[in-house]
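Okay, structure14.pdb is below, PDB, C-alpha atoms, pLDDT in the B column:
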ATOM      1  CA  MET A   1       1.747  13.176   1.045  1.00 73.00           C
ATOM      2  CA  LEU A   2       4.934  12.449   2.969  1.00 78.00           C
ATOM      3  CA  THR A   3       7.100   9.618   1.717  1.00 79.00           C
ATOM      4  CA  PRO A   4       9.316   8.234   4.488  1.00 81.00           C
ATOM      5  CA  ASN A   5      12.771   6.914   3.719  1.00 81.00           C
ATOM      6  CA  TYR A   6      12.843   4.050   6.190  1.00 80.00           C
ATOM      7  CA  LYS A   7      16.402   3.085   5.307  1.00 82.00           C
ATOM      8  CA  ARG A   8      17.803   6.496   6.175  1.00 85.00           C
ATOM      9  CA  VAL A   9      15.507   6.895   9.202  1.00 88.00           C
ATOM     10  CA  PRO A  10      14.951   3.480  10.821  1.00 88.00           C
ATOM     11  CA  ALA A  11      12.452   5.099  13.230  1.00 90.00           C
ATOM     12  CA  PHE A  12       9.946   5.059  10.385  1.00 89.00           C
ATOM     13  CA  LYS A  13       9.779   1.286  10.768  1.00 88.00           C
ATOM     14  CA  ASP A  14       8.173   1.857  14.170  1.00 89.00           C
ATOM     15  CA  ILE A  15       4.429   2.096  13.582  1.00 88.00           C
ATOM     16  CA  ARG A  16       4.086   4.125  16.803  1.00 88.00           C
ATOM     17  CA  VAL A  17       6.267   6.845  15.267  1.00 90.00           C
ATOM     18  CA  ARG A  18       4.160   6.869  12.126  1.00 89.00           C
ATOM     19  CA  GLN A  19       1.008   7.104  14.224  1.00 87.00           C
ATOM     20  CA  ALA A  20       2.499   9.939  16.279  1.00 88.00           C
ATOM     21  CA  MET A  21       3.207  11.843  13.082  1.00 89.00           C
ATOM     22  CA  ASN A  22      -0.377  11.270  11.962  1.00 87.00           C
ATOM     23  CA  TYR A  23      -1.796  12.571  15.222  1.00 88.00           C
ATOM     24  CA  ALA A  24       0.550  15.571  15.194  1.00 89.00           C
ATOM     25  CA  LEU A  25      -0.905  17.127  12.055  1.00 89.00           C
ATOM     26  CA  ASP A  26      -3.960  19.373  12.144  1.00 91.00           C
ATOM     27  CA  ARG A  27      -5.197  18.439   8.706  1.00 89.00           C
ATOM     28  CA  ASN A  28      -8.259  20.650   8.898  1.00 89.00           C
ATOM     29  CA  ALA A  29      -6.158  23.713   9.706  1.00 92.00           C
ATOM     30  CA  LEU A  30      -3.753  22.867   6.888  1.00 91.00           C
ATOM     31  CA  ASN A  31      -6.700  22.439   4.552  1.00 89.00           C
ATOM     32  CA  LYS A  32      -8.150  25.782   5.588  1.00 91.00           C
ATOM     33  CA  THR A  33      -4.803  27.527   5.178  1.00 91.00           C
ATOM     34  CA  PHE A  34      -3.452  25.929   2.034  1.00 87.00           C
ATOM     35  CA  GLY A  35      -6.528  24.450   0.367  1.00 84.00           C
ATOM     36  CA  ALA A  36      -9.039  27.204   1.123  1.00 88.00           C
ATOM     37  CA  GLY A  37     -11.183  24.501   2.680  1.00 88.00           C
ATOM     38  CA  TYR A  38     -11.707  22.681  -0.612  1.00 88.00           C
ATOM     39  CA  ALA A  39      -9.606  19.658   0.273  1.00 83.00           C
ATOM     40  CA  THR A  40     -10.708  16.646   2.284  1.00 81.00           C
ATOM     41  CA  ALA A  41      -8.781  15.596   5.342  1.00 81.00           C
ATOM     42  CA  THR A  42      -7.915  11.944   5.123  1.00 82.00           C
ATOM     43  CA  SER A  43      -5.528   9.541   6.745  1.00 82.00           C
ATOM     44  CA  ALA A  44      -5.404   7.365   3.652  1.00 81.00           C
ATOM     45  CA  PHE A  45      -3.159   7.162   0.657  1.00 78.00           C
ATOM     46  CA  PRO A  46      -4.395  10.066  -1.503  1.00 74.00           C
ATOM     47  CA  THR A  47      -6.467   9.070  -4.487  1.00 75.00           C
ATOM     48  CA  PHE A  48      -9.255  10.649  -6.497  1.00 72.00           C
ATOM     49  CA  ASP A  49     -11.614   7.710  -6.696  1.00 76.00           C
ATOM     50  CA  ALA A  50     -10.962   5.428  -3.758  1.00 76.00           C
ATOM     51  CA  LEU A  51     -11.439   7.589  -0.682  1.00 78.00           C
ATOM     52  CA  ASP A  52     -13.316   5.684   1.981  1.00 80.00           C
ATOM     53  CA  ASP A  53     -15.110   7.345   4.872  1.00 80.00           C
ATOM     54  CA  LYS A  54     -13.561   4.797   7.205  1.00 81.00           C
ATOM     55  CA  VAL A  55     -10.235   6.590   6.933  1.00 81.00           C
ATOM     56  CA  ARG A  56     -11.529  10.127   6.597  1.00 81.00           C
ATOM     57  CA  ASN A  57      -9.354  11.917   9.146  1.00 78.00           C
ATOM     58  CA  TYR A  58      -8.904   8.656  11.045  1.00 83.00           C
ATOM     59  CA  TYR A  59      -6.117  10.286  13.055  1.00 84.00           C
ATOM     60  CA  PRO A  60      -7.583  13.564  14.320  1.00 83.00           C
ATOM     61  CA  TYR A  61      -5.329  16.311  15.536  1.00 86.00           C
ATOM     62  CA  ASN A  62      -4.204  15.466  19.033  1.00 73.00           C
ATOM     63  CA  ARG A  63      -2.616  18.630  20.293  1.00 65.00           C
ATOM     64  CA  PRO A  64       0.162  17.539  22.602  1.00 57.00           C
ATOM     65  CA  ARG A  65      -0.218  18.734  26.168  1.00 52.00           C
ATOM     66  CA  ARG A  66       3.162  17.482  27.320  1.00 45.00           C
ATOM     67  CA  SER A  67       6.499  17.356  25.608  1.00 45.00           C
ATOM     68  CA  ASN A  68       6.931  14.175  23.570  1.00 40.00           C
ATOM     69  CA  SER A  69       3.442  13.035  24.597  1.00 50.00           C
ATOM     70  CA  SER A  70       2.913  11.509  21.181  1.00 67.00           C
ATOM     71  CA  LEU A  71       6.309   9.937  20.585  1.00 81.00           C
ATOM     72  CA  PRO A  72       6.740   6.442  22.023  1.00 81.00           C
ATOM     73  CA  ALA A  73       9.221   5.456  24.686  1.00 80.00           C
ATOM     74  CA  GLY A  74      12.716   5.353  23.330  1.00 83.00           C
ATOM     75  CA  TYR A  75      12.499   8.781  21.758  1.00 84.00           C
ATOM     76  CA  ALA A  76      12.892  10.860  24.911  1.00 81.00           C
ATOM     77  CA  LYS A  77      15.370  13.119  23.152  1.00 83.00           C
ATOM     78  CA  GLY A  78      13.039  13.596  20.231  1.00 86.00           C
ATOM     79  CA  LEU A  79      13.601  12.656  16.645  1.00 90.00           C
ATOM     80  CA  ASN A  80      15.546  14.569  14.034  1.00 91.00           C
ATOM     81  CA  LEU A  81      14.365  14.413  10.443  1.00 90.00           C
ATOM     82  CA  THR A  82      15.209  16.044   7.172  1.00 90.00           C
ATOM     83  CA  MET A  83      12.316  16.589   4.812  1.00 88.00           C
ATOM     84  CA  LEU A  84      12.960  17.302   1.162  1.00 84.00           C
ATOM     85  CA  THR A  85      10.489  19.341  -0.826  1.00 83.00           C
ATOM     86  CA  TYR A  86      10.658  20.003  -4.504  1.00 73.00           C
ATOM     87  CA  GLY A  87       8.029  22.725  -4.271  1.00 65.00           C
ATOM     88  CA  PRO A  88       6.415  22.390  -7.670  1.00 62.00           C
ATOM     89  CA  TRP A  89       2.922  23.211  -6.419  1.00 64.00           C
ATOM     90  CA  GLY A  90       3.211  26.760  -5.116  1.00 65.00           C
ATOM     91  CA  SER A  91       1.606  27.244  -1.724  1.00 66.00           C
ATOM     92  CA  VAL A  92       1.080  23.534  -1.211  1.00 70.00           C
ATOM     93  CA  GLY A  93       4.725  22.764  -1.865  1.00 79.00           C
ATOM     94  CA  THR A  94       7.404  24.052   0.451  1.00 83.00           C
ATOM     95  CA  PRO A  95       5.107  26.283   2.598  1.00 86.00           C
ATOM     96  CA  LEU A  96       2.880  23.308   3.363  1.00 88.00           C
ATOM     97  CA  ILE A  97       5.858  21.177   4.336  1.00 89.00           C
ATOM     98  CA  GLU A  98       7.198  23.964   6.545  1.00 90.00           C
ATOM     99  CA  ALA A  99       3.815  24.198   8.277  1.00 92.00           C
ATOM    100  CA  ALA A 100       3.778  20.429   8.815  1.00 92.00           C
ATOM    101  CA  ALA A 101       7.292  20.694  10.235  1.00 93.00           C
ATOM    102  CA  LYS A 102       6.027  23.064  12.916  1.00 92.00           C
ATOM    103  CA  TYR A 103       3.347  20.591  13.934  1.00 91.00           C
ATOM    104  CA  PHE A 104       5.953  17.843  14.133  1.00 91.00           C
ATOM    105  CA  ALA A 105       8.221  20.066  16.203  1.00 91.00           C
ATOM    106  CA  ALA A 106       5.432  20.383  18.775  1.00 87.00           C
ATOM    107  CA  VAL A 107       5.672  16.661  19.504  1.00 86.00           C
ATOM    108  CA  GLY A 108       9.448  16.530  19.591  1.00 87.00           C
ATOM    109  CA  ILE A 109      10.165  15.756  15.962  1.00 91.00           C
ATOM    110  CA  ASN A 110      12.731  18.285  14.870  1.00 92.00           C
ATOM    111  CA  VAL A 111      12.541  18.793  11.144  1.00 92.00           C
ATOM    112  CA  THR A 112      14.985  20.379   8.767  1.00 92.00           C
ATOM    113  CA  VAL A 113      13.219  21.272   5.526  1.00 89.00           C
ATOM    114  CA  GLN A 114      15.354  21.272   2.427  1.00 86.00           C
ATOM    115  CA  HIS A 115      13.835  22.924  -0.607  1.00 81.00           C
ATOM    116  CA  ARG A 116      15.310  21.413  -3.735  1.00 74.00           C
ATOM    117  CA  PRO A 117      13.662  22.829  -6.818  1.00 67.00           C
ATOM    118  CA  ALA A 118      14.298  20.907  -9.977  1.00 62.00           C
ATOM    119  CA  SER A 119      16.917  22.474 -12.170  1.00 58.00           C
ATOM    120  CA  PRO A 120      17.776  21.909 -15.843  1.00 56.00           C
ATOM    121  CA  THR A 121      21.386  21.342 -14.863  1.00 57.00           C
ATOM    122  CA  GLY A 122      20.431  18.686 -12.359  1.00 52.00           C
ATOM    123  CA  ARG A 123      22.143  20.623  -9.580  1.00 56.00           C
ATOM    124  CA  ALA A 124      19.984  21.122  -6.534  1.00 55.00           C
ATOM    125  CA  ASN A 125      19.475  24.711  -5.412  1.00 58.00           C
ATOM    126  CA  THR A 126      19.030  23.871  -1.775  1.00 62.00           C
ATOM    127  CA  THR A 127      17.656  26.196   0.880  1.00 65.00           C
ATOM    128  CA  THR A 128      17.125  25.044   4.429  1.00 69.00           C
ATOM    129  CA  SER A 129      14.873  25.968   7.335  1.00 71.00           C
ATOM    130  CA  THR A 130      14.504  24.240  10.679  1.00 74.00           C
ATOM    131  CA  SER A 131      11.562  23.789  13.029  1.00 73.00           C
ATOM    132  CA  ARG A 132      12.390  22.782  16.566  1.00 72.00           C
ATOM    133  CA  ARG A 133      10.314  22.504  19.687  1.00 67.00           C
ATOM    134  CA  ARG A 134      10.585  25.555  21.892  1.00 61.00           C
ATOM    135  CA  PRO A 135      12.326  24.986  25.199  1.00 58.00           C
ATOM    136  CA  SER A 136       9.907  24.768  28.077  1.00 59.00           C
ATOM    137  CA  GLY A 137       9.237  28.160  29.652  1.00 59.00           C
ATOM    138  CA  SER A 138       9.927  30.133  26.508  1.00 55.00           C
ATOM    139  CA  THR A 139       7.253  32.223  24.852  1.00 54.00           C
TER     140      THR A 139
ATOM    141  CA  MET B  17      -6.309   4.943  -8.614  1.00 76.00           C
ATOM    142  CA  TRP B  18      -5.226   2.796 -11.499  1.00 78.00           C
ATOM    143  CA  VAL B  19      -2.161   5.027 -11.862  1.00 78.00           C
ATOM    144  CA  SER B  20      -1.455   5.014  -8.118  1.00 78.00           C
ATOM    145  CA  GLY B  21      -1.916   1.284  -7.933  1.00 79.00           C
ATOM    146  CA  SER B  22       0.327   0.524 -10.857  1.00 82.00           C
ATOM    147  CA  TYR B  23       3.057   2.856  -9.610  1.00 80.00           C
ATOM    148  CA  PHE B  24       2.967   2.477  -5.839  1.00 81.00           C
ATOM    149  CA  PHE B  25       1.176  -0.673  -4.793  1.00 84.00           C
ATOM    150  CA  ILE B  26       1.880  -3.600  -7.072  1.00 87.00           C
ATOM    151  CA  THR B  27       5.045  -5.637  -6.797  1.00 88.00           C
ATOM    152  CA  LYS B  28       7.931  -3.967  -8.660  1.00 86.00           C
ATOM    153  CA  GLY B  29       5.835  -0.917  -9.503  1.00 86.00           C
ATOM    154  CA  PRO B  30       8.059   1.931 -10.773  1.00 85.00           C
ATOM    155  CA  LEU B  31       7.705   3.820  -7.479  1.00 81.00           C
ATOM    156  CA  ASN B  32       7.451   0.785  -5.242  1.00 83.00           C
ATOM    157  CA  THR B  33      11.187   0.560  -4.867  1.00 81.00           C
ATOM    158  CA  PRO B  34      13.616   1.056  -1.965  1.00 78.00           C
ATOM    159  CA  PRO B  35      14.112   3.174   0.032  1.00 72.00           C
ATOM    160  CA  PHE B  36      10.500   4.347  -0.140  1.00 71.00           C
ATOM    161  CA  GLY B  37       8.881   1.063  -1.029  1.00 76.00           C
ATOM    162  CA  GLY B  38      10.012  -2.314  -2.248  1.00 80.00           C
ATOM    163  CA  PHE B  39       7.234  -4.336  -0.683  1.00 81.00           C
ATOM    164  CA  SER B  40       5.328  -7.197  -2.250  1.00 88.00           C
ATOM    165  CA  ASP B  41       1.799  -7.843  -1.060  1.00 91.00           C
ATOM    166  CA  PRO B  42      -0.053 -10.623  -2.918  1.00 94.00           C
ATOM    167  CA  VAL B  43      -3.390  -9.303  -1.636  1.00 94.00           C
ATOM    168  CA  LEU B  44      -2.780  -5.835  -3.087  1.00 91.00           C
ATOM    169  CA  ASN B  45      -1.596  -7.357  -6.343  1.00 93.00           C
ATOM    170  CA  LYS B  46      -4.727  -9.503  -6.611  1.00 95.00           C
ATOM    171  CA  LEU B  47      -7.045  -6.576  -5.849  1.00 94.00           C
ATOM    172  CA  PHE B  48      -5.295  -4.419  -8.443  1.00 92.00           C
ATOM    173  CA  TYR B  49      -5.495  -6.967 -11.228  1.00 93.00           C
ATOM    174  CA  GLN B  50      -9.103  -7.757 -10.364  1.00 94.00           C
ATOM    175  CA  GLY B  51      -9.977  -4.057 -10.395  1.00 92.00           C
ATOM    176  CA  GLU B  52      -8.451  -3.311 -13.760  1.00 90.00           C
ATOM    177  CA  ARG B  53     -10.539  -6.048 -15.373  1.00 93.00           C
ATOM    178  CA  VAL B  54     -13.992  -4.869 -14.329  1.00 94.00           C
ATOM    179  CA  ALA B  55     -16.188  -1.975 -15.430  1.00 94.00           C
ATOM    180  CA  ASN B  56     -16.544  -0.571 -11.929  1.00 92.00           C
ATOM    181  CA  PRO B  57     -13.249  -1.002 -10.111  1.00 91.00           C
ATOM    182  CA  ALA B  58     -14.064   1.346  -7.203  1.00 89.00           C
ATOM    183  CA  PRO B  59     -14.744  -1.453  -4.675  1.00 91.00           C
ATOM    184  CA  TYR B  60     -11.332  -2.967  -5.421  1.00 92.00           C
ATOM    185  CA  TRP B  61      -9.567   0.382  -5.282  1.00 90.00           C
ATOM    186  CA  LYS B  62     -11.133   1.123  -1.894  1.00 90.00           C
ATOM    187  CA  LYS B  63     -10.032  -2.226  -0.537  1.00 91.00           C
ATOM    188  CA  MET B  64      -6.503  -1.495  -1.726  1.00 90.00           C
ATOM    189  CA  VAL B  65      -6.429   1.898  -0.041  1.00 88.00           C
ATOM    190  CA  LEU B  66      -7.865   0.536   3.186  1.00 89.00           C
ATOM    191  CA  ARG B  67      -5.356  -2.297   3.283  1.00 90.00           C
ATOM    192  CA  ALA B  68      -2.382  -0.043   2.506  1.00 87.00           C
ATOM    193  CA  THR B  69      -3.489   2.520   5.080  1.00 87.00           C
ATOM    194  CA  GLN B  70      -4.016  -0.160   7.688  1.00 88.00           C
ATOM    195  CA  GLN B  71      -0.531  -1.533   7.115  1.00 85.00           C
ATOM    196  CA  ALA B  72       1.064   1.913   7.092  1.00 84.00           C
ATOM    197  CA  THR B  73      -0.595   3.449  10.120  1.00 83.00           C
ATOM    198  CA  GLY B  74      -2.314   0.645  12.003  1.00 82.00           C
ATOM    199  CA  CYS B  75      -5.890   1.789  11.425  1.00 81.00           C
ATOM    200  CA  ARG B  76      -8.521  -0.583  12.786  1.00 78.00           C
ATOM    201  CA  PHE B  77     -11.834  -0.925  10.990  1.00 71.00           C
TER     202      PHE B  77
END
Rendering of file as structure tokens:
Amino acid sequence: MLTPNYKRVPAFKDIRVRQAMNYALDRNALNKTFGAGYATATSAFPTFDALDDKVRNYYPYNRPRRSNSSLPAGYAKGLNLTMLTYGPWGSVGTPLIEAAAKYFAAVGINVTVQHRPASPTGRANTTTSTSRRRPSGST
Amino acid sequence: MWVSGSYFFITKGPLNTPPFGGFSDPVLNKLFYQGERVANPAPYWKKMVLRATQQATGCRF
């Protein structure tokens, strides 16, 4: 589950941006990779007892064929985000967020992932990685 | 869902605070309090999730 900070990133107030982020993720591939296929792809708020088939993968993976095809007008230069992960859940912590960041990069959402494991001293031990869309023509 | 509802969805829930939340939806509140008073709250929980998802991502049902 991603929790957007709409005060720090006003773009999150634009429902078209939120929809673009939903379409950008290949939930089934993420499930296969990080959940061994045991998870259920859903577009809903995650719960154990209230999943409704109406929102089961409501936003299927829409692999972008053109640059920024999923971001609305006004974001021609893309969107830069920082995603924080506290990584307490092993492979579904930071690695999952880094995989999601690559999907977002494909639609022009450049993501810097900051891994901030909890520490007894309260001081964040931050490591950073960045996923950006490849320039056109590169391999 | 009772935990999620009480933390995320109801007005002034511990995790329904800015900058990640801070919203107040009377419909969600009503569904939550109705759900926690019945033996089988699943129908109420589902309505809450559908409403929250619709507001967050614009789903149409």
Env of stretch 14-26 of chain A: 9 Å cut, atoms = all atoms listed in the file, seq-sep filter 2 positions within chain, self excluded. Answer as a ChimeraX atom specification. /A:10-12,28-31,43,58-64,69-72,100,103-107,109 /B:71-74
Could you work out how far atom CA of A:Pro4 lies from atom CA of B:Ala58, giving the answer in Å with one decimal?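 About the pair atom CA of B:Ala58 and atom CA of A:Pro4: they are 27.0 Å apart.
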Expand the ChimeraX specification (/A :<6) & /B into the explicit residue set it covers here, and present it as JSON, numbers by chain. {"B": [17, 35, 36, 61, 62, 69, 73]}
Have a look at atom CA of A:Gly35 and atom CA of A:Gly108 and let me know their distance in Å, one decimal. 26.2 Å
To one decimal in Å, tell me the separation between atom CA of A:Lys102 and atom CA of A:Gly37.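 Spanning atom CA of A:Lys102 to atom CA of A:Gly37 is a straight-line distance of 20.1 Å.
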Selection under test: the PyMOL selection byres ((chain B and resi 26) around 8); residues as a PyMOL selection string: chain B and resi 21-25+27-29+32+40-41+44-45+48
Selected residue of minimal separation from A:Tyr86 among A:Ala36, A:Val113, A:Arg132, A:Arg56, counting all atoms listed in the file: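 Looking only at the distances to A:Tyr86, the closest residue turns out to be A:Val113.
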Pick from A:Thr94, A:Asn57, A:Thr130, A:Asn80: nearest to A:Thr112, with only C-alpha atoms counted?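 With only C-alpha atoms as the atom set, the closest residue is A:Thr130.
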